[in-house]
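Heads up, data_29.txt below (compact mmCIF, C-alpha atoms and all ligand atoms):
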# COMPACT_ATOMS: atom_id res chain seq x y z
CA MET H 1 0.00 0.00 0.00
CA VAL H 2 1.34 3.41 -0.92
CA ARG H 3 1.53 5.68 2.06
CA SER H 4 3.44 8.70 1.00
CA GLY H 5 2.79 10.73 4.11
CA PHE H 6 3.65 8.00 6.58
CA THR H 7 7.37 8.30 6.69
CA ARG H 8 7.10 11.99 7.35
CA ILE H 9 4.47 11.44 10.01
CA CYS H 10 6.51 8.63 11.45
CA ARG H 11 9.57 10.81 11.63
CA THR H 12 7.52 13.53 13.27
CA SER H 13 6.13 11.00 15.72
CA ILE H 14 9.59 9.78 16.59
CA VAL H 15 10.78 13.32 17.21
CA PHE H 16 7.76 13.98 19.38
CA ALA H 17 8.13 10.62 21.10
CA LEU H 18 11.67 11.63 21.98
CA ILE H 19 10.41 14.94 23.28
CA LEU H 20 7.81 13.11 25.36
CA ALA H 21 10.45 10.71 26.67
CA LEU H 22 12.40 13.72 27.89
CA LEU H 23 9.38 15.20 29.64
CA PRO H 24 10.56 14.66 33.20
CA LEU H 25 13.68 16.65 32.35
CA CYS H 26 11.78 19.36 30.57
CA PRO H 27 9.12 21.01 32.70
CA ALA H 28 8.02 23.31 29.86
CA ALA H 29 6.69 20.47 27.66
CA ARG H 30 4.24 18.31 29.56
CA ALA H 31 1.03 16.53 28.81
CA VAL H 32 -1.76 19.01 28.26
CA ARG H 33 -4.77 18.63 30.51
CA CYS H 34 -7.74 20.40 29.04
CA ALA H 35 -10.15 21.97 31.48
CA ASP H 36 -13.17 20.91 29.44
CA VAL H 37 -12.17 17.34 28.54
CA ASP H 38 -13.42 14.76 30.99
CA GLU H 39 -11.06 11.82 31.44
CA GLY H 40 -13.85 9.36 30.76
CA GLU H 41 -14.68 10.81 27.31
CA TRP H 42 -13.98 8.59 24.31
CA TYR H 43 -11.74 11.29 22.82
CA ALA H 44 -9.81 12.17 26.01
CA ALA H 45 -6.66 10.18 25.16
CA ALA H 46 -6.62 11.47 21.57
CA VAL H 47 -7.02 15.10 22.65
CA GLU H 48 -4.23 14.72 25.18
CA GLU H 49 -1.89 13.20 22.61
CA ILE H 50 -2.68 15.67 19.85
CA THR H 51 -2.40 18.73 22.11
CA SER H 52 0.77 17.43 23.79
CA LEU H 53 2.32 17.01 20.36
CA GLY H 54 1.37 20.58 19.54
CA ILE H 55 -0.78 19.47 16.60
CA MET H 56 -3.90 21.19 17.93
CA ASP H 57 -4.08 24.00 20.49
CA VAL H 58 -6.00 24.70 23.66
CA ASP H 59 -7.42 28.18 24.10
CA GLU H 60 -6.34 30.84 26.57
CA ASN H 61 -8.63 29.33 29.21
CA GLY H 62 -7.04 25.92 28.87
CA CYS H 63 -10.10 24.61 27.02
CA PHE H 64 -10.09 22.37 23.94
CA ARG H 65 -13.74 22.99 23.02
CA PRO H 66 -14.22 19.37 21.86
CA GLU H 67 -17.79 19.69 20.59
CA GLU H 68 -17.11 22.79 18.48
CA SER H 69 -16.99 22.13 14.75
CA ALA H 70 -13.52 22.26 13.23
CA SER H 71 -12.96 24.84 10.50
CA ARG H 72 -10.96 24.28 7.31
CA ALA H 73 -8.21 26.50 8.71
CA ILE H 74 -7.99 24.49 11.95
CA ILE H 75 -7.81 21.15 10.16
CA VAL H 76 -5.29 22.27 7.56
CA GLU H 77 -3.13 23.75 10.30
CA ALA H 78 -3.31 20.47 12.27
CA LEU H 79 -2.44 18.34 9.22
CA TRP H 80 0.49 20.63 8.43
CA ARG H 81 1.84 20.37 11.96
CA ALA H 82 1.35 16.59 11.98
CA GLU H 83 3.37 16.44 8.79
CA GLY H 84 6.26 18.21 10.47
CA ARG H 85 5.48 21.75 9.23
CA PRO H 86 6.79 21.26 5.68
CA ALA H 87 7.88 24.36 3.77
CA ALA H 88 5.72 25.83 1.03
CA SER H 89 6.72 28.08 -1.84
CA GLY H 90 5.59 31.07 0.18
CA GLN H 91 3.45 32.47 -2.60
CA ALA H 92 -0.14 32.72 -1.52
CA GLN H 93 -2.18 30.83 -4.10
CA LEU H 94 -5.60 31.47 -2.62
CA LYS H 95 -7.02 34.96 -2.46
CA ASP H 96 -8.53 34.96 1.03
CA VAL H 97 -5.39 33.63 2.70
CA PRO H 98 -2.82 36.14 3.95
CA ALA H 99 0.69 35.82 2.49
CA GLY H 100 2.92 33.57 4.55
CA SER H 101 0.16 31.21 5.69
CA ALA H 102 2.49 28.26 5.47
CA SER H 103 -0.08 25.60 6.34
CA VAL H 104 -2.64 26.63 3.71
CA ASP H 105 0.03 27.23 1.08
CA TRP H 106 1.46 23.77 1.75
CA ALA H 107 -1.97 22.11 1.74
CA TYR H 108 -2.85 23.78 -1.57
CA GLU H 109 0.47 22.95 -3.20
CA ALA H 110 0.34 19.35 -1.93
CA GLY H 111 -3.18 18.97 -3.34
CA VAL H 112 -4.71 18.32 0.08
CA VAL H 113 -7.19 21.17 -0.43
CA ALA H 114 -8.35 23.12 -3.43
CA GLY H 115 -9.85 26.58 -3.56
CA ASP H 116 -13.29 27.23 -4.98
CA GLU H 117 -13.82 28.50 -8.52
CA ASN H 118 -12.84 32.02 -7.36
CA ARG H 119 -9.65 30.72 -5.73
CA LEU H 120 -11.02 31.27 -2.24
CA PHE H 121 -10.08 28.97 0.65
CA HIS H 122 -12.96 29.71 3.07
CA GLY H 123 -10.86 29.04 6.16
CA ASP H 124 -13.73 29.67 8.56
CA SER H 125 -16.08 27.18 6.92
CA PRO H 126 -16.85 24.04 8.92
CA VAL H 127 -15.62 20.76 7.47
CA THR H 128 -17.90 17.84 6.67
CA ARG H 129 -16.97 14.23 7.27
CA GLN H 130 -16.56 13.59 3.56
CA GLU H 131 -14.34 16.67 3.16
CA LEU H 132 -12.07 15.48 5.97
CA ALA H 133 -11.93 11.98 4.46
CA ALA H 134 -10.91 13.49 1.13
CA MET H 135 -8.18 15.62 2.74
CA LEU H 136 -6.69 12.60 4.55
CA TRP H 137 -6.82 10.44 1.46
CA ARG H 138 -5.14 13.07 -0.70
CA LEU H 139 -2.53 13.61 2.00
CA GLU H 140 -1.77 9.90 1.96
CA GLY H 141 -1.19 9.84 -1.77
CA ARG H 142 -4.71 8.86 -2.90
CA SER H 143 -3.97 5.25 -2.00
CA ALA H 144 -6.06 2.43 -3.41
CA HIS H 145 -8.66 0.67 -1.32
CA ARG H 146 -9.52 -3.01 -1.50
CA ARG H 147 -13.25 -3.06 -0.76
CA ALA H 148 -16.14 -1.20 -2.29
CA LEU H 149 -17.69 1.47 -0.11
CA ASN H 150 -20.29 -0.30 2.04
CA TYR H 151 -22.17 2.31 4.04
CA ALA H 152 -25.97 2.32 4.19
CA ASP H 153 -25.94 5.94 2.93
CA ASN H 154 -23.40 5.34 0.14
CA ALA H 155 -25.67 7.15 -2.29
CA ASP H 156 -25.25 10.41 -0.34
CA VAL H 157 -21.45 10.37 -0.57
CA SER H 158 -20.19 12.80 -3.22
CA ASP H 159 -18.17 11.33 -6.09
CA TYR H 160 -15.00 13.17 -5.09
CA ALA H 161 -15.10 11.57 -1.63
CA ALA H 162 -16.15 7.99 -2.43
CA ASP H 163 -12.65 6.49 -2.79
CA ALA H 164 -11.49 8.54 0.18
CA ALA H 165 -14.32 7.30 2.39
CA ALA H 166 -13.62 3.67 1.44
CA TRP H 167 -9.90 4.08 2.07
CA CYS H 168 -10.47 5.83 5.40
CA ARG H 169 -12.85 3.09 6.46
CA GLU H 170 -10.61 0.15 5.74
CA ASN H 171 -7.67 1.87 7.39
CA GLY H 172 -9.69 2.45 10.51
CA LEU H 173 -9.58 6.27 10.34
CA PHE H 174 -13.34 6.70 10.25
CA GLY H 175 -15.97 4.54 11.83
CA GLY H 176 -19.54 4.76 10.66
CA VAL H 177 -22.19 6.44 12.74
CA GLY H 178 -25.43 4.86 13.93
CA GLU H 179 -26.49 1.97 11.82
CA ASN H 180 -23.61 1.72 9.38
CA ARG H 181 -23.94 5.26 8.05
CA PHE H 182 -21.08 7.46 6.89
CA ASP H 183 -23.06 10.67 7.36
CA PRO H 184 -21.02 12.49 4.67
CA GLN H 185 -22.54 15.92 5.36
CA GLY H 186 -22.11 15.66 9.14
CA LEU H 187 -19.83 18.37 10.53
CA VAL H 188 -16.53 17.27 12.04
CA THR H 189 -15.96 18.38 15.63
CA ARG H 190 -12.61 19.27 17.16
CA ALA H 191 -12.76 16.06 19.24
CA GLN H 192 -13.33 13.97 16.10
CA THR H 193 -10.46 15.76 14.37
CA ALA H 194 -8.14 14.90 17.26
CA ALA H 195 -9.28 11.27 17.20
CA VAL H 196 -8.79 10.92 13.43
CA LEU H 197 -5.37 12.58 13.54
CA CYS H 198 -4.36 10.33 16.38
CA ARG H 199 -5.34 7.25 14.36
CA LEU H 200 -3.45 8.67 11.38
CA LEU H 201 -0.29 9.03 13.47
CA HIS H 202 -0.57 5.43 14.64
CA LEU H 203 -1.53 3.95 11.24
CA ASP H 204 2.09 3.62 10.57
CA GLY H 205 3.03 1.27 13.37
CA ALA H 206 0.39 -1.42 12.94
CA GLU H 207 -2.25 -2.62 10.54
CA PRO H 208 -5.80 -1.89 11.69
CA PRO H 209 -7.69 -4.86 13.18
CA PRO H 210 -8.39 -7.49 10.47
CA LEU H 211 -12.13 -6.92 10.11
CA THR H 212 -11.90 -3.13 9.92
CA GLY H 213 -14.35 -1.94 7.27
CA CYS H 214 -16.30 -5.22 7.26
CA VAL H 215 -20.03 -4.98 7.95
CA ILE H 216 -21.59 -8.09 9.47
CA CYS H 217 -25.21 -8.61 10.49
CA VAL H 218 -25.78 -10.95 13.43
CA ASP H 219 -29.32 -12.29 13.78
CA PRO H 220 -29.91 -14.29 16.96
CA GLY H 221 -32.92 -16.40 15.96
CA HIS H 222 -36.43 -16.14 17.47
CA CYS H 223 -37.67 -13.68 20.10
CA VAL H 224 -40.14 -13.11 22.90
CA THR H 225 -42.95 -10.67 22.14
CA PRO H 226 -46.51 -9.87 23.17
CA LEU H 227 -47.32 -10.18 19.45
CA ALA H 228 -46.66 -13.93 19.57
CA GLY H 229 -49.70 -16.15 19.08
CA LYS H 230 -51.74 -13.33 17.55
CA GLY H 231 -51.70 -14.76 14.07
CA TYR H 232 -48.85 -12.71 12.58
CA ARG H 233 -47.35 -14.51 9.61
CA ASP H 234 -44.51 -13.90 7.17
CA PRO H 235 -44.34 -14.95 3.53
CA VAL H 236 -41.80 -17.73 3.07
CA SER H 237 -40.42 -16.13 -0.06
CA PRO H 238 -41.08 -13.16 -2.34
CA LEU H 239 -42.23 -15.65 -4.98
CA SER H 240 -44.84 -17.65 -3.06
CA ASN H 241 -48.07 -17.22 -1.09
CA GLU H 242 -46.99 -19.71 1.55
CA THR H 243 -46.62 -18.19 5.04
CA LYS H 244 -45.06 -19.04 8.39
CA ALA H 245 -45.68 -17.85 11.98
CA THR H 246 -43.64 -14.68 12.52
CA TYR H 247 -42.85 -14.88 16.23
CA THR H 248 -41.53 -18.15 17.63
CA THR H 249 -39.26 -19.03 20.54
CA GLY H 250 -37.78 -22.13 18.90
CA THR H 251 -36.74 -25.25 20.72
CA GLN H 252 -36.07 -25.69 24.42
CA GLY H 253 -33.26 -27.12 26.55
CA LYS H 254 -33.24 -28.03 30.23
CA ASN H 255 -32.57 -24.53 31.54
CA LEU H 256 -32.62 -22.27 28.50
CA THR H 257 -35.00 -21.52 25.68
CA GLU H 258 -33.46 -21.49 22.22
CA GLU H 259 -34.28 -17.78 21.97
CA LYS H 260 -32.18 -17.06 25.06
CA LEU H 261 -29.25 -19.24 23.98
CA ASN H 262 -29.22 -17.67 20.50
CA LEU H 263 -29.15 -14.21 22.06
CA ILE H 264 -26.32 -15.07 24.48
CA VAL H 265 -24.16 -16.42 21.65
CA GLY H 266 -25.18 -13.57 19.32
CA LEU H 267 -24.03 -10.94 21.80
CA LYS H 268 -20.75 -12.78 22.34
CA LEU H 269 -20.24 -12.93 18.56
CA ARG H 270 -21.05 -9.21 18.30
CA ASP H 271 -18.39 -8.34 20.87
CA ALA H 272 -15.77 -10.63 19.33
CA LEU H 273 -16.33 -9.18 15.84
CA ARG H 274 -16.25 -5.58 17.08
CA GLU H 275 -13.01 -6.35 18.86
CA LEU H 276 -11.61 -7.30 15.44
CA GLY H 277 -12.74 -4.00 13.93
CA ALA H 278 -16.00 -5.06 12.24
CA THR H 279 -19.13 -2.95 12.13
CA VAL H 280 -21.81 -5.25 13.54
CA ILE H 281 -25.52 -4.79 12.88
CA MET H 282 -27.71 -6.70 15.34
CA THR H 283 -31.30 -7.65 14.50
CA ARG H 284 -31.91 -7.79 18.25
CA GLU H 285 -29.97 -7.25 21.47
CA ALA H 286 -32.82 -8.19 23.81
CA SER H 287 -35.30 -11.03 24.01
CA GLU H 288 -38.26 -8.85 23.18
CA ILE H 289 -38.59 -7.38 19.70
CA THR H 290 -41.40 -6.64 17.33
CA ILE H 291 -39.75 -6.63 13.90
CA ASN H 292 -41.10 -9.38 11.69
CA GLY H 293 -39.26 -12.09 9.80
CA VAL H 294 -39.10 -10.27 6.48
CA GLU H 295 -37.69 -7.15 8.18
CA ARG H 296 -35.12 -9.28 9.98
CA CYS H 297 -34.00 -10.54 6.61
CA THR H 298 -34.10 -7.23 4.75
CA LEU H 299 -32.52 -5.06 7.49
CA PRO H 300 -28.97 -6.08 6.50
CA ASN H 301 -29.85 -5.55 2.81
CA ARG H 302 -30.93 -2.03 3.59
CA LEU H 303 -27.96 -1.27 5.82
CA ARG H 304 -25.57 -2.77 3.27
CA ALA H 305 -24.05 -5.49 5.38
CA ASP H 306 -21.60 -7.76 3.56
CA VAL H 307 -23.08 -10.88 5.13
CA ALA H 308 -25.76 -11.98 7.61
CA VAL H 309 -25.15 -14.71 10.18
CA ARG H 310 -28.26 -16.21 11.76
CA ILE H 311 -27.87 -18.10 15.00
CA HIS H 312 -30.08 -21.02 16.05
CA ALA H 313 -30.05 -24.24 18.02
CA ASP H 314 -31.76 -27.47 16.98
CA GLY H 315 -34.33 -29.81 18.43
CA ASN H 316 -35.36 -33.34 17.46
CA ASN H 317 -37.85 -35.93 18.70
CA ASP H 318 -35.01 -38.41 18.59
CA ARG H 319 -33.02 -37.26 21.61
CA SER H 320 -29.89 -39.07 20.50
CA VAL H 321 -29.38 -36.71 17.53
CA HIS H 322 -26.56 -34.21 18.09
CA GLY H 323 -24.02 -32.11 16.23
CA VAL H 324 -23.57 -28.78 14.45
CA CYS H 325 -24.71 -27.85 10.96
CA VAL H 326 -24.94 -24.68 8.86
CA MET H 327 -27.85 -23.98 6.53
CA THR H 328 -27.37 -22.04 3.33
CA PRO H 329 -29.83 -20.58 0.78
CA ASP H 330 -30.76 -23.00 -1.94
CA GLY H 331 -30.89 -20.38 -4.66
CA ASP H 332 -30.99 -16.67 -5.37
CA LEU H 333 -34.69 -15.91 -5.25
CA LEU H 334 -34.14 -12.19 -5.80
CA GLY H 335 -31.70 -12.90 -8.59
CA THR H 336 -28.86 -11.33 -6.64
CA PRO H 337 -25.60 -12.67 -8.03
CA SER H 338 -23.41 -15.01 -6.04
CA ILE H 339 -25.50 -15.11 -2.87
CA LYS H 340 -25.72 -18.87 -3.06
CA ASP H 341 -22.06 -19.53 -3.84
CA GLU H 342 -20.74 -17.11 -1.25
CA SER H 343 -23.18 -18.40 1.37
CA VAL H 344 -22.10 -21.99 0.70
CA ARG H 345 -18.45 -20.99 0.89
CA LEU H 346 -19.00 -19.36 4.30
CA GLY H 347 -21.28 -22.20 5.44
CA ARG H 348 -18.59 -24.81 4.78
CA LEU H 349 -15.91 -22.76 6.50
CA MET H 350 -18.20 -22.14 9.47
CA VAL H 351 -19.41 -25.69 10.09
CA ASN H 352 -15.86 -27.02 9.81
CA ALA H 353 -14.41 -24.35 12.10
CA VAL H 354 -17.14 -24.69 14.75
CA ALA H 355 -16.97 -28.51 14.71
CA LYS H 356 -13.23 -28.17 15.19
CA SER H 357 -13.34 -25.57 17.96
CA THR H 358 -16.10 -27.35 19.92
CA GLY H 359 -15.41 -31.00 19.09
CA ALA H 360 -19.08 -31.38 18.08
CA LYS H 361 -20.19 -33.82 15.38
CA ASN H 362 -19.94 -32.12 11.98
CA ARG H 363 -23.31 -32.46 10.19
CA GLY H 364 -22.14 -30.38 7.26
CA ILE H 365 -24.06 -27.74 5.33
CA MET H 366 -27.73 -28.03 4.42
CA PRO H 367 -29.27 -26.08 1.54
CA ARG H 368 -32.72 -24.72 2.43
CA SER H 369 -35.29 -23.07 0.17
CA ASP H 370 -38.07 -22.63 2.76
CA LEU H 371 -36.61 -20.01 5.12
CA THR H 372 -37.92 -16.44 5.09
CA SER H 373 -34.57 -15.34 6.54
CA PHE H 374 -32.81 -16.57 3.39
CA ASN H 375 -35.36 -15.93 0.68
CA PHE H 376 -35.49 -12.14 1.06
CA SER H 377 -31.73 -11.78 1.33
CA GLU H 378 -29.73 -9.80 -1.20
CA ILE H 379 -26.46 -10.62 0.54
CA PRO H 380 -24.72 -13.88 1.41
CA THR H 381 -26.27 -15.40 4.52
CA VAL H 382 -25.91 -18.53 6.63
CA LEU H 383 -27.82 -20.02 9.54
CA ILE H 384 -25.91 -22.02 12.11
CA GLU H 385 -27.65 -24.70 14.14
CA MET H 386 -25.19 -24.77 17.03
CA GLY H 387 -26.27 -28.09 18.47
CA PHE H 388 -29.32 -30.00 19.77
CA MET H 389 -30.99 -28.70 22.90
CA THR H 390 -33.01 -31.95 22.92
CA ASN H 391 -29.84 -33.97 23.40
CA ALA H 392 -29.06 -33.92 27.13
CA GLU H 393 -25.30 -34.06 26.73
CA GLU H 394 -25.09 -31.38 24.05
CA ASP H 395 -27.64 -29.20 25.83
CA ALA H 396 -25.52 -29.27 28.99
CA LEU H 397 -22.53 -28.10 26.94
CA LEU H 398 -24.51 -25.40 25.09
CA GLU H 399 -25.45 -23.85 28.44
CA THR H 400 -21.85 -23.26 29.44
CA ASP H 401 -19.90 -20.11 28.90
CA GLU H 402 -16.87 -22.09 27.81
CA TYR H 403 -18.68 -24.03 25.07
CA GLN H 404 -20.44 -20.89 23.83
CA ASN H 405 -17.04 -19.20 23.58
CA LYS H 406 -15.74 -22.10 21.50
CA ILE H 407 -18.71 -21.75 19.13
CA VAL H 408 -17.98 -18.04 18.76
CA GLU H 409 -14.30 -18.74 18.23
CA GLY H 410 -15.13 -21.08 15.33
CA MET H 411 -17.61 -18.63 13.80
CA VAL H 412 -15.09 -15.79 13.97
CA GLU H 413 -12.41 -18.01 12.48
CA SER H 414 -14.66 -18.83 9.52
CA LEU H 415 -15.54 -15.17 8.91
CA LEU H 416 -11.86 -14.20 8.91
CA GLU H 417 -11.23 -16.91 6.34
CA TRP H 418 -14.28 -15.96 4.29
CA TYR H 419 -13.10 -12.34 4.13
CA GLY H 420 -9.63 -13.58 3.18
CA VAL H 421 -7.93 -11.74 6.03
CA LYS H 422 -6.50 -14.82 7.65
ZN ZN Q 1 -34.35 -21.87 15.70
Starting from the file, lay out its structure as structure tokens.
Amino acid sequence: MVRSGFTRICRTSIVFALILALLPLCPAARAVRCADVDEGEWYAAAVEEITSLGIMDVDENGCFRPEESASRAIIVEALWRAEGRPAASGQAQLKDVPAGSASVDWAYEAGVVAGDENRLFHGDSPVTRQELAAMLWRLEGRSAHRRALNYADNADVSDYAADAAAWCRENGLFGGVGENRFDPQGLVTRAQTAAVLCRLLHLDGAEPPPLTGCVICVDPGHCVTPLAGKGYRDPVSPLSNETKATYTTGTQGKNLTEEKLNLIVGLKLRDALRELGATVIMTREASEITINGVERCTLPNRLRADVAVRIHADGNNDRSVHGVCVMTPDGDLLGTPSIKDESVRLGRLMVNAVAKSTGAKNRGIMPRSDLTSFNFSEIPTVLIEMGFMTNAEEDALLETDEYQNKIVEGMVESLLEWYGVK
């Protein structure tokens, strides 16, 4: 990956790291404590680092003003300082910038910013998220990105910022907001600027976590709802009139309902995937929900997840039956290319990895054409049946934290392989 700005940033960081290492000897340069930044805030560490390095300033009252939007002048100045204050030609290129404004001159000459059609810089204008993404991307040599932009509001991202937003995402510079949105027109605050600059400084040392930029929907099967038993039904597929009960709790073990077990494992999977940098969309994080089966299937379509993983446990009248299997769609009912192949590929990886991590019997993959949760999908999707709650031995294992962790470990393993990052 081409990272033209990194060596300069790295050198700057080393110089500043040396300065920081000398802090005890140098009372004039010490960590900046901002009067208005609470230690518990998510941006506190970033603000401290960026102000200590002299990349952004505190005001005369010792305040950082974290929630204030950052102007173009503030951001360009910060990028210039982070780059080690490189020299510019000294000739003001933009009309509303006083001569000798080294940071703006440098940013203009380096192609980090452009003026408007009247060659005006508009230093006081606030900066949107997509503008900041574009500045960072240009600063880093307009590097290529591997994955297509996968935000739910992709369509709102301006053309000039699309590659930048994708690159920023997979390098961990920008997270999405809310439900997998980029919010391109959202204004960047000073706290966000500090956080992004901090990540930029550290990009150099280590790759971002392996699932950075990946968007995964986790759907813990079933639910508890007062709507149950009231006759709500979902169509089985967009192509048939057949319907199925919408709200079901699934099978039952000795101490847990399937709904509960699915939720416990789903939340563990969510945490494990987030730890690895993924954006995780949950169809539910509590037992009680009211969204129906079709919505559960189409939510990840709408939010542009890469893949949906549906979590279930099995039951059988024959109590000796045990083992893990993964179901996959038996076709592309919506005509969306490669759903079936990519689902099967993940299904195989997942059943093998979970059987290995848990020691459970491997029942392989099972194609299914009768599941609402598959038939409305426009993205690859799998449904794991983690084991049989009707088998006393397996049910006892499924209840334990340790066994649940092994299931999650196998699922994560398979997703890493499916994404090709392992
Ligand atoms: Zn189920």
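Comparing the minimum interatomic distances between Gly176 of chain H and each of H:Leu383, H:Leu303, H:Val294, H:Cys198, counting only C-alpha atoms, we find that H:Leu303 sits nearest.
When atom CA of Ala88 of chain H is paired with atom CA of Asp163 of chain H, their separation reads 26.9 Å.
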(message) as a PyMOL selection string, please: every protein or nucleic acid residue near ligand ZN 1 (chain Q) (cut-off 12 Å, counting all atoms listed in the file).
(response) chain H and resi 219-223+247-252+257-263+310-316+326-327+371+373+383-389
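Counting all atoms listed in the file and comparing H:Leu256, H:Leu173, H:Ala107, H:Leu269, the residue that lies closest to Ala195 of chain H is H:Leu173.
With atom CA of Pro238 of chain H on one side and atom CA of Ser377 of chain H on the other, the separation reads 10.1 Å.
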